[in-house]
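Data file: query-v9.csv. Format and content: CSV, C-alpha atoms and all ligand atoms.
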```
chain,number,residue,atom,x,y,z
A,7,MET,CA,-6.3,8.6,26.2
A,8,PHE,CA,-8.4,8.6,23.0
A,9,ASP,CA,-9.8,12.2,23.2
A,10,ASP,CA,-7.9,13.2,20.1
A,11,PHE,CA,-9.9,10.8,17.9
A,12,GLU,CA,-13.1,12.6,17.6
A,13,SER,CA,-15.3,10.5,15.4
A,14,ALA,CA,-17.3,13.6,14.3
A,15,ARG,CA,-14.2,14.5,12.2
A,16,MET,CA,-14.4,11.3,10.2
A,17,GLY,CA,-16.4,10.8,7.0
A,18,HIS,CA,-18.3,7.6,6.4
A,19,VAL,CA,-20.0,6.3,3.4
A,20,ALA,CA,-21.3,2.7,2.9
A,21,GLY,CA,-19.6,0.6,0.2
A,22,LEU,CA,-21.4,-0.3,-3.0
A,23,ARG,CA,-21.0,-4.0,-2.4
A,24,ARG,CA,-21.8,-4.9,-6.0
A,25,SER,CA,-21.9,-8.6,-6.7
A,26,GLY,CA,-19.2,-10.1,-8.9
A,27,ASP,CA,-16.1,-12.2,-9.0
A,28,ALA,CA,-13.4,-9.4,-9.2
A,29,ALA,CA,-11.6,-10.7,-6.1
A,30,GLY,CA,-10.6,-13.9,-8.0
A,31,ARG,CA,-10.6,-12.6,-11.5
A,32,VAL,CA,-8.7,-9.2,-11.5
A,33,LEU,CA,-6.1,-10.9,-9.3
A,34,THR,CA,-6.1,-14.7,-9.6
A,35,ALA,CA,-4.9,-17.2,-7.1
A,36,ALA,CA,-2.2,-18.0,-9.6
A,37,ASP,CA,-1.1,-14.3,-9.7
A,38,PHE,CA,-0.7,-14.4,-5.9
A,39,ALA,CA,0.9,-17.8,-5.8
A,40,GLY,CA,3.5,-16.8,-8.5
A,41,ALA,CA,4.5,-13.6,-6.7
A,42,ALA,CA,4.7,-15.4,-3.3
A,43,GLN,CA,6.8,-18.2,-4.6
A,44,GLU,CA,9.3,-15.8,-6.3
A,45,ILE,CA,9.6,-13.2,-3.5
A,46,ALA,CA,10.2,-16.0,-0.9
A,47,GLN,CA,13.4,-16.7,-2.8
A,48,TRP,CA,14.8,-13.2,-2.5
A,49,GLU,CA,17.7,-12.7,-0.3
A,50,GLY,CA,16.6,-11.2,3.0
A,51,TYR,CA,13.0,-12.5,2.7
A,52,ARG,CA,11.4,-13.1,6.1
A,53,PRO,CA,7.7,-12.7,7.1
A,54,THR,CA,7.0,-9.4,8.9
A,55,PRO,CA,5.5,-9.6,12.4
A,56,LEU,CA,1.8,-9.7,13.1
A,57,VAL,CA,1.7,-7.8,16.4
A,58,GLU,CA,-1.2,-8.3,18.8
A,59,LEU,CA,-2.3,-5.1,20.6
A,60,ASP,CA,-4.3,-6.7,23.3
A,61,ALA,CA,-4.4,-3.9,25.8
A,62,LEU,CA,-5.5,-1.5,23.0
A,63,ALA,CA,-8.2,-3.9,21.9
A,64,GLY,CA,-9.5,-4.2,25.5
A,65,ALA,CA,-9.6,-0.4,25.9
A,66,LEU,CA,-11.6,-0.1,22.7
A,67,GLY,CA,-14.1,-2.9,23.6
A,68,LEU,CA,-12.8,-5.2,20.8
A,69,ALA,CA,-11.5,-8.7,21.0
A,70,LYS,CA,-8.3,-8.2,19.0
A,71,VAL,CA,-6.3,-5.6,17.2
A,72,LEU,CA,-3.7,-7.3,14.9
A,73,TYR,CA,-1.1,-5.0,13.4
A,74,LYS,CA,1.0,-6.3,10.5
A,75,ASP,CA,4.2,-4.3,10.9
A,76,GLU,CA,5.7,-3.7,7.5
A,77,GLY,CA,8.5,-1.5,8.8
A,78,PRO,CA,11.1,-4.3,8.6
A,79,ARG,CA,10.2,-5.4,5.1
A,80,PHE,CA,13.5,-6.2,3.2
A,81,GLY,CA,15.1,-3.3,5.1
A,82,LEU,CA,13.2,-0.9,2.9
A,83,GLY,CA,10.8,0.4,5.5
A,84,SER,CA,7.4,-0.5,3.8
A,85,PHE,CA,5.2,-3.1,2.2
A,86,LYS,CA,5.9,-1.4,-1.1
A,87,ALA,CA,9.1,-3.5,-1.3
A,88,LEU,CA,6.9,-6.4,-2.3
A,89,GLY,CA,5.2,-4.7,-5.3
A,90,GLY,CA,7.5,-2.5,-7.4
A,91,ALA,CA,10.5,-4.7,-7.2
A,92,TYR,CA,8.4,-7.8,-8.2
A,93,ALA,CA,6.7,-5.9,-11.1
A,94,ALA,CA,10.2,-4.7,-12.3
A,95,LEU,CA,11.3,-8.3,-12.4
A,96,ARG,CA,8.3,-9.3,-14.4
A,97,VAL,CA,8.8,-6.5,-17.0
A,98,LEU,CA,12.4,-7.6,-17.4
A,99,GLN,CA,11.4,-11.2,-17.7
A,100,GLN,CA,8.9,-10.3,-20.4
A,101,GLU,CA,11.2,-8.0,-22.4
A,102,ILE,CA,14.2,-10.3,-22.2
A,103,SER,CA,12.1,-13.3,-23.3
A,104,GLN,CA,10.9,-11.2,-26.2
A,105,ALA,CA,14.5,-10.1,-27.2
A,106,LEU,CA,15.8,-13.7,-27.0
A,107,GLY,CA,12.8,-15.2,-28.7
A,108,ARG,CA,12.5,-17.8,-25.9
A,109,PRO,CA,11.1,-17.8,-22.4
A,110,VAL,CA,13.4,-16.9,-19.5
A,111,SER,CA,12.6,-17.4,-15.8
A,112,PRO,CA,12.6,-14.9,-13.0
A,113,GLY,CA,15.5,-16.9,-11.6
A,114,ASP,CA,17.5,-16.2,-14.8
A,115,ILE,CA,17.0,-12.5,-14.3
A,116,ARG,CA,17.7,-12.7,-10.5
A,117,SER,CA,21.0,-14.5,-11.1
A,118,GLY,CA,22.2,-11.9,-13.6
A,119,ARG,CA,22.3,-14.4,-16.5
A,120,HIS,CA,21.0,-11.7,-18.8
A,121,ALA,CA,22.7,-8.7,-17.2
A,122,GLU,CA,23.7,-7.1,-20.5
A,123,LEU,CA,20.2,-7.1,-21.8
A,124,ALA,CA,18.8,-5.9,-18.5
A,125,SER,CA,21.2,-3.0,-18.4
A,126,ARG,CA,19.5,-1.6,-21.5
A,127,ILE,CA,15.9,-1.7,-20.2
A,128,VAL,CA,15.1,1.6,-18.5
A,129,LEU,CA,12.3,1.4,-15.8
A,130,VAL,CA,10.5,4.5,-14.7
A,131,THR,CA,7.8,5.5,-12.2
A,132,ALA,CA,6.3,8.3,-10.4
A,133,THR,CA,6.1,8.0,-6.6
A,134,ASP,CA,5.4,9.6,-3.2
A,135,GLY,CA,8.4,7.8,-1.9
A,136,ASN,CA,7.8,4.1,-1.0
A,137,HIS,CA,6.9,2.7,-4.4
A,138,GLY,CA,9.9,4.4,-6.0
A,139,ARG,CA,12.2,3.1,-3.3
A,140,SER,CA,11.0,-0.4,-4.1
A,141,LEU,CA,11.5,0.0,-7.8
A,142,ALA,CA,15.0,1.5,-7.3
A,143,TRP,CA,15.9,-1.4,-5.1
A,144,GLY,CA,14.6,-3.9,-7.6
A,145,CYS,CA,16.4,-2.3,-10.5
A,146,ARG,CA,19.7,-2.4,-8.6
A,147,ARG,CA,19.1,-6.1,-7.7
A,148,PHE,CA,18.2,-7.0,-11.3
A,149,GLY,CA,20.6,-4.6,-13.1
A,150,ALA,CA,18.3,-2.2,-14.9
A,151,PRO,CA,18.6,1.6,-15.0
A,152,CYS,CA,15.9,3.4,-13.0
A,153,ARG,CA,14.4,6.8,-13.3
A,154,ILE,CA,12.0,8.2,-10.8
A,155,TYR,CA,9.6,11.2,-10.9
A,156,ILE,CA,8.7,13.0,-7.7
A,157,HIS,CA,6.5,16.0,-7.0
A,158,ALA,CA,7.2,19.2,-5.2
A,159,GLU,CA,6.2,18.0,-1.8
A,160,VAL,CA,8.1,14.7,-1.6
A,161,SER,CA,10.7,15.2,1.2
A,162,GLU,CA,14.4,15.4,0.4
A,163,ALA,CA,15.0,12.5,2.8
A,164,ARG,CA,12.7,10.3,0.7
A,165,ALA,CA,14.4,11.5,-2.5
A,166,GLU,CA,17.9,10.8,-1.1
A,167,ALA,CA,16.8,7.2,-0.1
A,168,MET,CA,16.0,6.5,-3.8
A,169,ARG,CA,19.1,8.2,-5.1
A,170,ALA,CA,21.2,6.1,-2.7
A,171,LEU,CA,19.7,3.0,-4.4
A,172,GLY,CA,21.1,4.3,-7.7
A,173,ALA,CA,17.9,5.9,-9.2
A,174,ASP,CA,18.0,9.1,-11.4
A,175,MET,CA,15.6,11.5,-9.7
A,176,VAL,CA,13.4,14.0,-11.5
A,177,ARG,CA,11.6,16.5,-9.3
A,178,ILE,CA,8.6,18.4,-10.8
A,179,GLU,CA,6.4,21.2,-9.9
A,180,GLY,CA,2.8,20.0,-9.2
A,181,ASN,CA,1.4,17.0,-7.4
A,182,TYR,CA,1.6,13.2,-7.5
A,183,ASP,CA,-0.9,12.9,-10.3
A,184,ASP,CA,1.1,15.4,-12.4
A,185,SER,CA,4.2,13.3,-11.8
A,186,VAL,CA,2.4,10.2,-13.0
A,187,ALA,CA,1.5,12.0,-16.2
A,188,LEU,CA,5.0,13.2,-16.9
A,189,ALA,CA,6.5,9.7,-16.2
A,190,ARG,CA,4.1,8.2,-18.8
A,191,GLU,CA,4.8,10.9,-21.4
A,192,GLU,CA,8.6,10.7,-21.2
A,193,ALA,CA,8.6,6.9,-21.1
A,194,GLU,CA,6.5,6.8,-24.3
A,195,ALA,CA,8.8,9.3,-26.0
A,196,ASN,CA,12.0,7.4,-25.1
A,197,GLY,CA,11.0,3.7,-25.2
A,198,TRP,CA,11.3,3.3,-21.4
A,199,PHE,CA,9.0,1.1,-19.4
A,200,VAL,CA,6.6,2.5,-16.8
A,201,VAL,CA,6.4,0.4,-13.6
A,202,SER,CA,3.5,2.0,-11.9
A,203,ASP,CA,1.5,1.0,-8.8
A,204,THR,CA,-1.6,2.5,-10.3
A,205,SER,CA,-3.5,1.4,-13.4
A,206,TRP,CA,-5.2,3.3,-16.2
A,207,PRO,CA,-7.2,2.2,-19.3
A,208,GLY,CA,-4.9,0.0,-21.4
A,209,TYR,CA,-2.3,-0.3,-18.6
A,210,THR,CA,-3.1,-3.0,-16.1
A,211,GLU,CA,-0.6,-5.8,-16.3
A,212,THR,CA,2.2,-4.2,-14.3
A,213,PRO,CA,0.0,-2.7,-11.6
A,214,ARG,CA,-1.6,-6.2,-11.3
A,215,ASP,CA,1.9,-7.6,-10.7
A,216,VAL,CA,2.5,-4.9,-8.1
A,217,MET,CA,-0.7,-5.9,-6.3
A,218,ALA,CA,0.1,-9.6,-6.6
A,219,GLY,CA,3.3,-8.9,-4.7
A,220,TYR,CA,1.3,-7.2,-1.9
A,221,GLY,CA,-0.5,-10.5,-1.6
A,222,VAL,CA,2.5,-11.9,0.3
A,223,MET,CA,1.3,-10.0,3.3
A,224,VAL,CA,-2.0,-11.8,3.2
A,225,LYS,CA,-0.4,-15.1,2.9
A,226,GLU,CA,1.8,-14.4,5.9
A,227,VAL,CA,-1.2,-13.3,7.9
A,228,CYS,CA,-3.2,-16.4,7.0
A,229,ASP,CA,-0.2,-18.6,7.8
A,230,VAL,CA,-0.2,-17.5,11.4
A,231,LEU,CA,-4.0,-17.1,12.1
A,232,ASP,CA,-6.2,-20.0,12.8
A,233,ARG,CA,-9.4,-18.1,12.1
A,234,PRO,CA,-10.2,-15.0,10.0
A,235,PRO,CA,-10.3,-11.5,11.4
A,236,THR,CA,-13.8,-10.0,11.3
A,237,HIS,CA,-12.7,-6.6,10.0
A,238,ALA,CA,-9.7,-5.2,8.0
A,239,PHE,CA,-9.2,-1.4,8.1
A,240,LEU,CA,-7.0,-0.7,5.1
A,241,GLN,CA,-5.6,2.7,4.3
A,242,ALA,CA,-5.6,3.7,0.6
A,243,GLY,CA,-3.8,6.0,-1.8
A,244,VAL,CA,-4.8,4.7,-5.3
A,245,GLY,CA,-6.3,1.6,-3.6
A,246,GLY,CA,-3.8,-1.1,-4.7
A,247,LEU,CA,-3.0,-2.1,-1.2
A,248,ALA,CA,-6.6,-2.3,0.0
A,249,ALA,CA,-7.8,-4.1,-3.1
A,250,ALA,CA,-4.9,-6.7,-3.1
A,251,VAL,CA,-5.5,-7.4,0.6
A,252,ALA,CA,-9.3,-7.6,0.1
A,253,ALA,CA,-8.9,-10.0,-2.8
A,254,GLY,CA,-6.4,-12.1,-0.9
A,255,LEU,CA,-8.6,-12.3,2.1
A,256,ARG,CA,-11.6,-13.3,0.0
A,257,GLN,CA,-9.6,-16.0,-1.8
A,258,GLN,CA,-8.4,-17.4,1.5
A,259,TRP,CA,-11.5,-17.3,3.6
A,260,GLY,CA,-14.4,-17.1,1.1
A,261,ARG,CA,-17.6,-16.1,2.9
A,262,GLU,CA,-15.8,-15.9,6.2
A,263,ALA,CA,-13.5,-13.2,4.9
A,264,PRO,CA,-13.4,-10.0,7.0
A,265,ARG,CA,-15.4,-6.9,6.4
A,266,VAL,CA,-13.2,-4.5,4.5
A,267,VAL,CA,-13.1,-0.8,5.5
A,268,VAL,CA,-11.1,1.5,3.3
A,269,VAL,CA,-9.5,4.5,5.1
A,270,GLU,CA,-8.3,7.7,3.3
A,271,PRO,CA,-7.1,11.1,4.4
A,272,GLU,CA,-9.8,13.6,4.0
A,273,LEU,CA,-7.4,15.7,1.9
A,274,ALA,CA,-7.1,12.9,-0.7
A,275,ALA,CA,-10.3,10.8,-0.6
A,276,CYS,CA,-10.7,9.7,-4.2
A,277,LEU,CA,-12.1,6.2,-3.3
A,278,PHE,CA,-14.5,7.7,-0.7
A,279,GLU,CA,-15.7,10.1,-3.4
A,280,SER,CA,-16.0,7.3,-5.9
A,281,ALA,CA,-18.2,5.3,-3.4
A,282,ARG,CA,-20.3,8.3,-2.8
A,283,ALA,CA,-20.8,9.0,-6.5
A,284,GLY,CA,-21.4,5.3,-7.3
A,285,ARG,CA,-18.6,5.3,-9.9
A,286,MET,CA,-14.9,5.8,-10.1
A,287,THR,CA,-14.2,9.5,-9.5
A,288,CYS,CA,-11.0,11.6,-9.5
A,289,ILE,CA,-10.4,14.5,-7.3
A,290,ARG,CA,-7.8,17.3,-7.4
A,291,VAL,CA,-5.5,17.2,-4.4
A,292,GLU,CA,-5.3,20.8,-3.3
A,293,GLU,CA,-3.3,20.4,-0.1
A,294,GLU,CA,-0.8,17.6,0.6
A,295,THR,CA,-1.6,15.3,3.6
A,296,VAL,CA,1.1,14.3,6.0
A,297,MET,CA,0.2,10.8,5.1
A,298,ALA,CA,2.4,11.1,2.0
A,299,GLY,CA,1.8,7.6,0.6
A,300,LEU,CA,-2.0,8.2,0.6
A,301,SER,CA,-1.9,11.5,-1.3
A,302,CYS,CA,-3.6,10.4,-4.5
A,303,GLY,CA,-6.5,11.9,-6.4
A,304,GLU,CA,-7.0,9.2,-9.0
A,305,PRO,CA,-8.0,5.7,-8.0
A,306,SER,CA,-6.4,2.7,-9.8
A,307,GLY,CA,-9.0,1.3,-12.1
A,308,ILE,CA,-8.3,-2.4,-11.3
A,309,ALA,CA,-8.2,-1.7,-7.6
A,310,TRP,CA,-11.6,0.1,-7.8
A,311,GLU,CA,-13.0,-2.9,-9.7
A,312,ILE,CA,-12.2,-5.1,-6.6
A,313,LEU,CA,-13.2,-2.5,-4.0
A,314,VAL,CA,-16.6,-1.8,-5.6
A,315,GLU,CA,-17.5,-5.4,-4.7
A,316,GLU,CA,-15.4,-6.0,-1.6
A,317,ALA,CA,-15.3,-2.8,0.5
A,318,SER,CA,-18.2,-2.6,2.9
A,319,ASP,CA,-17.4,1.0,4.1
A,320,PHE,CA,-15.2,4.0,3.2
A,321,LEU,CA,-13.9,6.3,5.9
A,322,THR,CA,-11.9,9.5,5.9
A,323,VAL,CA,-9.6,10.7,8.7
A,324,PRO,CA,-8.4,14.2,9.4
A,325,GLU,CA,-4.8,15.2,9.7
A,326,SER,CA,-5.1,15.7,13.4
A,327,PHE,CA,-5.4,11.9,14.0
A,328,VAL,CA,-1.9,11.1,12.7
A,329,GLY,CA,0.2,12.4,15.5
A,330,PRO,CA,-1.8,10.9,18.3
A,331,ALA,CA,-2.0,7.5,16.5
A,332,THR,CA,1.8,7.5,15.9
A,333,ARG,CA,2.5,8.3,19.5
A,334,LEU,CA,0.0,5.7,20.7
A,335,LEU,CA,2.0,3.0,18.9
A,336,ALA,CA,5.3,4.3,20.2
A,337,ARG,CA,4.0,4.7,23.8
A,338,PRO,CA,1.4,2.0,23.9
A,339,VAL,CA,-1.4,1.1,26.2
A,340,GLY,CA,-0.6,-1.4,29.0
A,341,ASN,CA,1.9,-4.1,28.0
A,342,ASP,CA,1.4,-3.8,24.3
A,343,PRO,CA,4.7,-3.7,22.4
A,344,GLU,CA,6.2,-0.4,21.2
A,345,ILE,CA,6.0,0.1,17.4
A,346,GLU,CA,7.6,2.8,15.3
A,347,ALA,CA,5.3,3.7,12.4
A,348,GLY,CA,5.3,6.2,9.6
A,349,GLU,CA,2.5,8.7,8.9
A,350,SER,CA,0.8,6.6,6.2
A,351,ALA,CA,0.9,3.4,8.4
A,352,VAL,CA,-1.3,4.7,11.1
A,353,ALA,CA,-4.4,5.8,9.2
A,354,GLY,CA,-6.1,2.4,9.6
A,355,LEU,CA,-5.4,2.4,13.3
A,356,ALA,CA,-6.6,5.9,13.8
A,357,ALA,CA,-9.9,5.1,12.0
A,358,THR,CA,-10.3,2.0,14.1
A,359,ILE,CA,-10.0,3.9,17.3
A,360,ALA,CA,-12.4,6.6,16.3
A,361,ALA,CA,-14.9,4.2,14.8
A,362,ALA,CA,-14.8,1.9,17.9
A,363,ARG,CA,-15.5,4.9,20.2
A,364,SER,CA,-18.4,6.3,18.2
A,365,GLU,CA,-21.7,4.7,18.9
A,366,GLU,CA,-23.0,5.4,15.5
A,367,ILE,CA,-20.0,4.2,13.4
A,368,ARG,CA,-19.3,1.3,15.7
A,369,GLY,CA,-22.9,0.1,15.1
A,370,ALA,CA,-22.7,0.8,11.3
A,371,LEU,CA,-19.5,-1.2,11.0
A,372,GLY,CA,-20.7,-4.0,13.2
A,373,LEU,CA,-17.8,-3.6,15.7
A,374,ASP,CA,-18.3,-5.3,19.0
A,375,ALA,CA,-16.6,-7.2,21.8
A,376,GLY,CA,-16.1,-10.1,19.5
A,377,SER,CA,-14.4,-8.1,16.7
A,378,ARG,CA,-10.9,-9.1,15.5
A,379,VAL,CA,-9.5,-6.2,13.6
A,380,LEU,CA,-6.7,-6.6,11.1
A,381,LEU,CA,-4.5,-3.5,10.4
A,382,ILE,CA,-1.7,-3.3,7.9
A,383,GLY,CA,1.0,-1.1,9.4
A,384,SER,CA,2.2,-0.3,5.9
A,385,GLU,CA,5.4,1.6,6.8
A,386,GLY,CA,8.0,2.1,9.5
A,387,VAL,CA,9.9,5.3,9.9
A,388,THR,CA,10.5,6.1,6.2
A,389,ASP,CA,11.0,9.8,6.9
A,390,PRO,CA,13.0,10.2,10.2
A,391,ASP,CA,12.6,14.0,10.3
A,392,ALA,CA,8.8,13.8,10.0
A,393,TYR,CA,8.7,11.1,12.6
A,394,ALA,CA,10.9,13.1,15.0
A,395,ALA,CA,8.6,16.1,14.6
A,396,ILE,CA,5.5,14.0,15.3
A,397,MET,CA,7.0,12.5,18.4
A,398,ALA,CA,8.3,15.9,19.7
A,399,ALA,CA,4.8,17.4,19.2
A,400,GLY,CA,3.5,15.0,21.8
A,401,GLY,CA,5.9,16.1,24.5
A,402,GLY,CA,7.4,13.6,26.9
A,403,ALA,CA,4.1,11.9,27.9
V,1,LIG,C1,3.1,3.5,3.5
V,1,LIG,C2,2.0,3.4,2.5
V,1,LIG,N1,0.8,2.9,2.9
V,1,LIG,C3,-0.2,2.8,2.1
V,1,LIG,C4,-0.1,3.2,0.8
V,1,LIG,C5,-1.3,3.1,-0.1
V,1,LIG,O1,-1.2,2.2,-1.2
V,1,LIG,P1,-2.1,2.3,-2.5
V,1,LIG,O2,-1.6,3.6,-3.2
V,1,LIG,O3,-1.8,1.1,-3.2
V,1,LIG,O4,-3.5,2.5,-2.0
V,1,LIG,C6,1.1,3.7,0.3
V,1,LIG,C7,1.3,4.1,-1.1
V,1,LIG,O5,2.3,4.6,-1.5
V,1,LIG,C8,2.2,3.8,1.2
V,1,LIG,O6,3.4,4.2,0.8
```
Would you write out, as structure tokens, the structure that this file holds?
Amino acid sequence: MFDDFESARMGHVAGLRRSGDAAGRVLTAADFAGAAQEIAQWEGYRPTPLVELDALAGALGLAKVLYKDEGPRFGLGSFKALGGAYAALRVLQQEISQALGRPVSPGDIRSGRHAELASRIVLVTATDGNHGRSLAWGCRRFGAPCRIYIHAEVSEARAEAMRALGADMVRIEGNYDDSVALAREEAEANGWFVVSDTSWPGYTETPRDVMAGYGVMVKEVCDVLDRPPTHAFLQAGVGGLAAAVAAGLRQQWGREAPRVVVVEPELAACLFESARAGRMTCIRVEEETVMAGLSCGEPSGIAWEILVEEASDFLTVPESFVGPATRLLARPVGNDPEIEAGESAVAGLAATIAAARSEEIRGALGLDAGSRVLLIGSEGVTDPDAYAAIMAAGGGA
């Protein structure tokens, strides 16, 4: 059943585990609380399910595998709905407060009280799909124009989903990192506002808000668990998701917080290479991974600041794990519930399976029969054609 997950195909490097307070400083408890309080008031807000995959855990010799299924999040298909839209609201709040010379509340923006001012504030971003969808959705809710840059390999289905939410789409030659650069350049030239999920020197406030929004997932997990997981396997693109979850878990459970394992595609392993080099390192993405949301060559600086302290291990997974992991969720072990997951969602699960079955990595990561592993199923089926192809490739079994 697990023969496709050859652990020899994974890369593993130990984390740097520098000591420090980044988990409570880069993202504070107040950042998380502010985002959670606001997002809970949005129409359609409902915690996503934390699914227990007990049969799978048993088959892997683990106590628990807990899968936070972000597919249903706000009807947008991924956890990203929490980040971009919240950060958009914060930019509008700040700009409108400045224009009026007095503070306005997020509720004022949400209710459309300043619609005329909001309609003149253009928000832009580069995206692999999910972040842009969140921003486009937020802009439509809050009445701001939205412009989104996508690279050559972003599927037309993903582009159409953003267009349908009212965004102006700009497709470029080149890769994700090139699209980030162009979004920045054009925003600067035109007085638009970049709402990016990645940070760079001098640009940290908005990506911090994005990550504060992701903290809602941690709050929901903590609300339903009576004791902490022992491990969290977190897939990463620029590292915002992994760092936000790691910080939230540390704030919630202190010394009892789970061991954080960062998982990346081998084709886009910028955090893995950073850990190996002992400092933040960029790589050039030469070939696009099917895990589209994870295809990033440049870590987010503020995410790295947290992960350099909080991540105990960095793993890479090959492309060949994606299909089997997706199909395993759809056609589960024993009585486990069926889950439909997108390509980027399954990286953490795939790494857990391969790690649990490798004597060496299992030992290195401290996985045993008492382990309770938390996974963030970061997207549902956000690209139906890609999902259908993956399912078809597995035959009828
Ligand atoms: C579905 C999905 N999972 C995980 C990630 C990784 O998030 P981050 O880039 O913050 O590491 C992304 C990013 O776009 C994503 O879309």
Review point. Which polymer residues, protein or nucleic acid, are no farther than 8 Å from (1.8, 6.4, -15.4), counting only C-alpha atoms, as a list in words?
Key: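 I get Thr131, Ala132, Val186, Ala187, Leu188, Ala189, Arg190, Val200, Val201, Ser202, Thr204, Ser205 and Trp206 of chain A for the residues within 8 Å of that point.
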Review point. Atom C6 of ligand LIG 1 (chain V) and CA of Gly21 in chain A, how far apart in Å?
Key: 20.9 Å
Enumerate residues in contact with ligand LIG 1 (chain V): an atom-to-atom distance of at most 6 Å, counting all atoms listed in the file. Format the result as a short mmCIF file (atom, residue, chain, number, x, y, z; two decimals) with C-alpha atoms, in the coordinates of the input.
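Output file out20.cif follows:
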```
data_model
loop_
_atom_site.label_atom_id
_atom_site.label_comp_id
_atom_site.auth_asym_id
_atom_site.auth_seq_id
_atom_site.Cartn_x
_atom_site.Cartn_y
_atom_site.Cartn_z
CA SER A 84 7.40 -0.50 3.80
CA ASN A 136 7.80 4.10 -1.00
CA HIS A 137 6.90 2.70 -4.40
CA GLN A 241 -5.60 2.70 4.30
CA ALA A 242 -5.60 3.70 0.60
CA GLY A 243 -3.80 6.00 -1.80
CA VAL A 244 -4.80 4.70 -5.30
CA GLY A 245 -6.30 1.60 -3.60
CA GLY A 246 -3.80 -1.10 -4.70
CA LEU A 247 -3.00 -2.10 -1.20
CA GLY A 299 1.80 7.60 0.60
CA LEU A 300 -2.00 8.20 0.60
CA SER A 350 0.80 6.60 6.20
CA ALA A 351 0.90 3.40 8.40
CA SER A 384 2.20 -0.30 5.90
CA GLU A 385 5.40 1.60 6.80
#
```
Taking all atoms listed in the file into account, produce a table as CSV in which each residue of range 56-105 of chain A with an atom at most 10 Å from an atom of range 355-366 of chain A appears once, together with its shortest atom pair and the distance in Å to one decimal, ordered by chain and rising number.
```
residue,atom,partner,partner_atom,distance
A:Leu62,CA,A:Ile359,CA,9.0
A:Ala63,CA,A:Ile359,CA,9.2
A:Ala65,CA,A:Ile359,CA,9.6
A:Leu66,CA,A:Ala362,CA,6.1
A:Gly67,CA,A:Ala362,CA,7.5
A:Leu68,CA,A:Ala362,CA,7.9
A:Val71,CA,A:Leu355,CA,8.9
A:Leu72,CA,A:Leu355,CA,10.0
A:Tyr73,CA,A:Leu355,CA,8.6
```
Determine, using all atoms listed in the file, which residues of range 34-100 of chain A have any atom at most 9 Å from an atom of range 218-232 of chain A, and tabulate each with its shortest atom pair and distance in Å to one decimal place, rows ordered by chain and then rising number, as CSV.
```
residue,atom,partner,partner_atom,distance
A:Thr34,CA,A:Ala218,CA,8.6
A:Asp37,CA,A:Ala218,CA,5.8
A:Phe38,CA,A:Ala218,CA,4.9
A:Ala39,CA,A:Ala218,CA,8.3
A:Gly40,CA,A:Ala218,CA,8.2
A:Ala41,CA,A:Gly219,CA,5.2
A:Ala42,CA,A:Val222,CA,5.5
A:Ile45,CA,A:Gly219,CA,7.7
A:Ala46,CA,A:Val222,CA,8.8
A:Pro53,CA,A:Glu226,CA,6.3
A:Thr54,CA,A:Glu226,CA,7.8
A:Pro55,CA,A:Val227,CA,8.9
A:Leu56,CA,A:Val227,CA,7.0
A:Lys74,CA,A:Val227,CA,7.8
A:Glu76,CA,A:Met223,CA,8.8
A:Phe85,CA,A:Tyr220,CA,7.0
A:Lys86,CA,A:Tyr220,CA,7.4
A:Ala87,CA,A:Gly219,CA,8.6
A:Leu88,CA,A:Gly219,CA,5.0
A:Gly89,CA,A:Gly219,CA,4.6
A:Gly90,CA,A:Gly219,CA,8.1
A:Ala91,CA,A:Gly219,CA,8.7
A:Tyr92,CA,A:Gly219,CA,6.3
A:Ala93,CA,A:Gly219,CA,7.8
```
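With all atoms listed in the file as the atoms that count, the residue of A:Trp48, A:Phe278, A:Phe80, A:Trp143 with the shortest distance to Ala170 in chain A is A:Trp143.
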For Val268 in chain A: contacts at 9 Å, all atoms listed in the file, fewer than 5 positions along chain excluded, given as a PDB file with C-alpha atoms, in the coordinates of the input:
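Okay, this is what ended up in result.pdb:
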```pdb
ATOM      1  CA  ALA A 238      -9.700  -5.200   8.000  1.00  0.00           C
ATOM      2  CA  PHE A 239      -9.200  -1.400   8.100  1.00  0.00           C
ATOM      3  CA  LEU A 240      -7.000  -0.700   5.100  1.00  0.00           C
ATOM      4  CA  GLN A 241      -5.600   2.700   4.300  1.00  0.00           C
ATOM      5  CA  ALA A 242      -5.600   3.700   0.600  1.00  0.00           C
ATOM      6  CA  GLY A 245      -6.300   1.600  -3.600  1.00  0.00           C
ATOM      7  CA  ALA A 248      -6.600  -2.300   0.000  1.00  0.00           C
ATOM      8  CA  LEU A 277     -12.100   6.200  -3.300  1.00  0.00           C
ATOM      9  CA  PHE A 278     -14.500   7.700  -0.700  1.00  0.00           C
ATOM     10  CA  LEU A 313     -13.200  -2.500  -4.000  1.00  0.00           C
ATOM     11  CA  ALA A 317     -15.300  -2.800   0.500  1.00  0.00           C
ATOM     12  CA  SER A 318     -18.200  -2.600   2.900  1.00  0.00           C
ATOM     13  CA  ASP A 319     -17.400   1.000   4.100  1.00  0.00           C
ATOM     14  CA  PHE A 320     -15.200   4.000   3.200  1.00  0.00           C
ATOM     15  CA  LEU A 321     -13.900   6.300   5.900  1.00  0.00           C
ATOM     16  CA  THR A 322     -11.900   9.500   5.900  1.00  0.00           C
ATOM     17  CA  GLY A 354      -6.100   2.400   9.600  1.00  0.00           C
TER      18      GLY A 354
END
```
Review point. So, counting all atoms listed in the file, which residue among A:Glu122, A:Ala263, A:Gly197, A:His237 is closest to Gly372 in chain A?
Key: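 Selected residue with least distance to Gly372 in chain A: A:His237.
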Exercise for review: Might you pull out every residue within 9 Å of Asp174 in chain A, with only C-alpha atoms counted and same-chain residues fewer than 6 positions away left off, and present them as a list of chain:residue names?
Suggested key: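 Surrounding residues, per the criterion: A:Pro151, A:Cys152, A:Arg153, A:Ile154, A:Tyr155, A:Met168.
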